[in-house]
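Peer 1: Encoded as structure tokens, here's the structure I'll be asking about.
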Amino acid sequence: MTGESASPRSPMKEQNKLAVEYLKRGKPDSERSEDDEGVKGTVAAALKDIEDRGDAAVREMSAKFDGFNPDSFRLSETEIERLVSTLTGQQIHDIRFAQEQVRNFAKAQRESMLDIEVETMPGVILGHKNIPVRSAGCYVPGGKFPLVAAAHMSVATADVAGVPRIVAATPPVNGEPHPAVIAAIHFGGAHEIYLLGGIQAVGAMALGTESISAVDMLVGPGNAFVAEAKRQLFGKVGIDLLAGPTETMVIADDTVDAELCATDLLGQAEHGFDSPATLVTNDRRLAENTIREVERLLGILPTARTAARSWEDYGEVILCDTHLEMLETANEIAAEHVQVMTDRDDWYLDNMTSYGALFLGPRTNVANGDKIVGTNHTLPTRRAGRYTGGLWVGKYLKTHSYQKIVTDEAATFVGEYCSRLCILEGFAGHAEQANIRLRRYGGLNIPYAGSAEPGGHA
């Protein structure tokens, strides 16, 4: 294979020790942390209020933050059908097509997760089962954009996993349910749909109120308040991951041009004012041209107000000497979306270890993954790709082990080891669990474990 060798197991150099040149820098990490601190107290107080006052607190927050105070936050079947009927045939077809791609990939992933049962020694049978969580709360964001695709990623994937109760919450858009979002949630298989946004949505689903039964797991992206609420609720419920502001990285060399790089950077920067977009390249000309091209595109992009602020505060252009240096830089940053457009894309696939999702080659792009191609777009941000992947069908499944010993001989053989090891650790009660079976199934004259000397029986 053409390219430089690299081992995924080799320790990566720290970013500040790499001989890289920043042609453009974003906000320092210290300022980004300060931006986060103000959110924590607000979220903690809101969750405590929901826990204490239930529906009343949820209703007040909805009226305050969304200007929405209906008789019921849950949509009826009649309301859902009416909203779906307002869409055109083409819109319904497109939503169903995108959802089918997500389902197809999720089904293939589910089929790869096998229940197992093995006889590890004569008479000793061990196994595990993959069991869906009993209920999942799927948050589908609204905000500036109605995120139709977010419904496929959370609700449809939960449906493929076999979750028996799927609850979805999405904020109203201009005081009304967004028909396309509701259709996607409905087609995805949600059993309950609530018009709720922000902290009040995830708090109500996780903690439960008089009208909303609590769920076992929360999934889905959201703004800083939603992400912080999920962080604080973790433990009371499971979560998929902490998905912060969208991040994108373009790794490129001289095989592509500045227009392509700039388009891919701004395509994600338009998400919000705090969406990092980073170019990593070993070609100075491409780096400089991309900076100029970003400025040109910002002059014509309809979402330039948001994208320009994001690029100004969080955009970075990093110039490296070699592909190996580009690889190490990318692994250290561990961006959510990593678009690779080089003369050795598969080399990056083989050697990248820390990221949310890879998009390989100039024909590929992050928008495909966000909307249509079938991989899940709820992905780790803020370097979490170092230790977790994104939302997928497996996140809704719990792998539970079991064991059974089916012969007297196996009970005796294992029991003798167990008894001695329990006594070694000083656990007399544990040892007696083994010893009583040695007496019953092995016919051994084993004294009560409380009287045993260290080292156990002979």
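Residue numbers start at 1 in each chain; chains themselves are named A, B, ... in the order of the structure tokens; ligands are numbered from 1 in the order shown.
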For stretch 248-265 of chain A, find every residue with an atom within 6 Å (counting only C-alpha atoms), except residues of its own chain fewer than 4 positions away, and show them as a ChimeraX atom specification.
Peer 2: /A:277-283,286,289-290,294,337-342
Peer 1: I'd like the neighbourhood of stretch 141-157 of chain A as a JSON list (two decimals) with C-alpha atoms, in the first residue's frame, where a residue qualifies if any of its atoms comes within 9 Å (using only C-alpha atoms), though same-chain residues fewer than 6 positions away should be ignored.
Peer 2:
```json
[["chain", "number", "residue", "atom", "x", "y", "z"],
["A", 95, "ILE", "CA", -38.67, 10.72, 4.35],
["A", 98, "ALA", "CA", -34.07, 8.04, 4.02],
["A", 99, "GLN", "CA", -35.54, 6.10, 6.91],
["A", 100, "GLU", "CA", -35.31, 2.87, 4.95],
["A", 102, "VAL", "CA", -31.10, 3.92, 8.24],
["A", 103, "ARG", "CA", -33.20, 0.86, 9.01],
["A", 106, "ALA", "CA", -29.31, -0.84, 11.62],
["A", 107, "LYS", "CA", -30.77, -4.27, 10.76],
["A", 166, "ILE", "CA", -40.39, 4.36, 22.31],
["A", 167, "VAL", "CA", -41.15, 7.88, 23.48],
["A", 168, "ALA", "CA", -40.24, 10.89, 21.33],
["A", 169, "ALA", "CA", -40.16, 14.56, 22.23],
["A", 170, "THR", "CA", -39.63, 17.42, 19.82],
["A", 171, "PRO", "CA", -40.16, 21.16, 20.27],
["A", 172, "PRO", "CA", -42.84, 23.12, 18.44],
["A", 173, "VAL", "CA", -41.64, 25.24, 15.53],
["A", 178, "HIS", "CA", -43.57, 20.52, 12.31],
["A", 180, "ALA", "CA", -42.24, 16.52, 8.47],
["A", 181, "VAL", "CA", -40.62, 15.94, 11.86],
["A", 182, "ILE", "CA", -43.81, 14.40, 13.26],
["A", 183, "ALA", "CA", -44.14, 12.20, 10.17],
["A", 184, "ALA", "CA", -40.57, 10.95, 10.54],
["A", 185, "ILE", "CA", -41.09, 10.19, 14.23],
["A", 186, "HIS", "CA", -44.36, 8.42, 13.46],
["A", 187, "PHE", "CA", -42.94, 6.40, 10.56],
["A", 188, "GLY", "CA", -39.95, 5.55, 12.77],
["A", 189, "GLY", "CA", -42.17, 3.67, 15.20],
["A", 190, "ALA", "CA", -42.64, 5.95, 18.20],
["A", 197, "GLY", "CA", -38.29, 20.91, 23.80],
["A", 198, "GLY", "CA", -35.11, 21.46, 25.75],
["A", 219, "VAL", "CA", -30.94, 9.35, 23.29],
["A", 220, "GLY", "CA", -30.56, 12.04, 20.67],
["A", 221, "PRO", "CA", -28.66, 15.27, 20.11],
["A", 222, "GLY", "CA", -29.60, 18.74, 21.30],
["A", 223, "ASN", "CA", -28.28, 22.12, 22.30],
["A", 271, "HIS", "CA", -25.34, 24.30, 12.37],
["A", 272, "GLY", "CA", -24.67, 26.88, 15.08],
["A", 370, "ASP", "CA", -26.48, 13.40, 8.24],
["A", 371, "LYS", "CA", -29.52, 12.88, 6.05],
["A", 372, "ILE", "CA", -29.70, 9.88, 3.78],
["A", 374, "GLY", "CA", -27.85, 5.11, 6.38],
["A", 375, "THR", "CA", -25.12, 5.49, 9.02],
["A", 376, "ASN", "CA", -26.22, 7.15, 12.23],
["A", 377, "HIS", "CA", -25.53, 10.86, 12.60],
["A", 378, "THR", "CA", -25.65, 11.05, 16.41],
["A", 391, "LEU", "CA", -25.54, 6.01, 18.47],
["A", 392, "TRP", "CA", -26.34, 2.69, 16.79],
["A", 393, "VAL", "CA", -28.70, -0.20, 17.26],
["A", 396, "TYR", "CA", -30.37, 0.12, 22.84]]
```
Peer 1: Residues near stretch 310-319 of chain A, anyone? I mean within 8 Å using only C-alpha atoms, not counting same-chain ones fewer than 3 positions away, as a list in words.
Peer 2: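 Counting only the stated atoms, we get Val20, Glu21, Tyr22, Leu23, Lys24, Arg25, Gly26, Lys27, Leu266, Ala269, Glu270, Gly272, Phe273, Asp274, Ser275, Pro276, Ala277, Thr278, Leu279, Val280, Thr281, Asn282, Asp283, Arg284, Ala287, Ile291, Thr306 and Ala307 of chain A.
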Peer 1: What's the 8 Å shell around A:Glu416, counting only C-alpha atoms, without same-chain residues fewer than 3 positions away, as a PyMOL selection string?
Peer 2: chain A and resi 412-413+419-420+434-435+438
Peer 1: If I take atom CA of A:Arg165 and atom CA of A:Ala206, how far is one from the other in Å, to one decimal?
Peer 2: 13.5 Å
Peer 1: Distance atom CA of A:Gly162-atom CA of A:Tyr139, one decimal place?
Peer 2: 18.0 Å
Peer 1: If you run DSSP over the backbone, which residues in stretch 64-181 of chain A end up alpha helix (DSSP H)? Put them as a VMD selection string.
Peer 2: chain A and resid 64 to 66 77 to 85 89 to 112 148 to 151 157 to 161 179 to 181
Peer 1: Identify all residues of stretch 296-428 of chain A in strand (DSSP E) (DSSP on the backbone) and supply them as a list in words.
Peer 2: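 Result set for stretch 296-428 of chain A (strand (DSSP E)): Gly315, Glu316, Val317, Ile318, Leu319, His337, Val338, Gln339, Val340, Met341, Ala357, Leu358, Phe359, Leu360, Leu397, Lys398, Thr399, His400, Ser401, Tyr402, Gln403, Lys404 and Ile405 of chain A.
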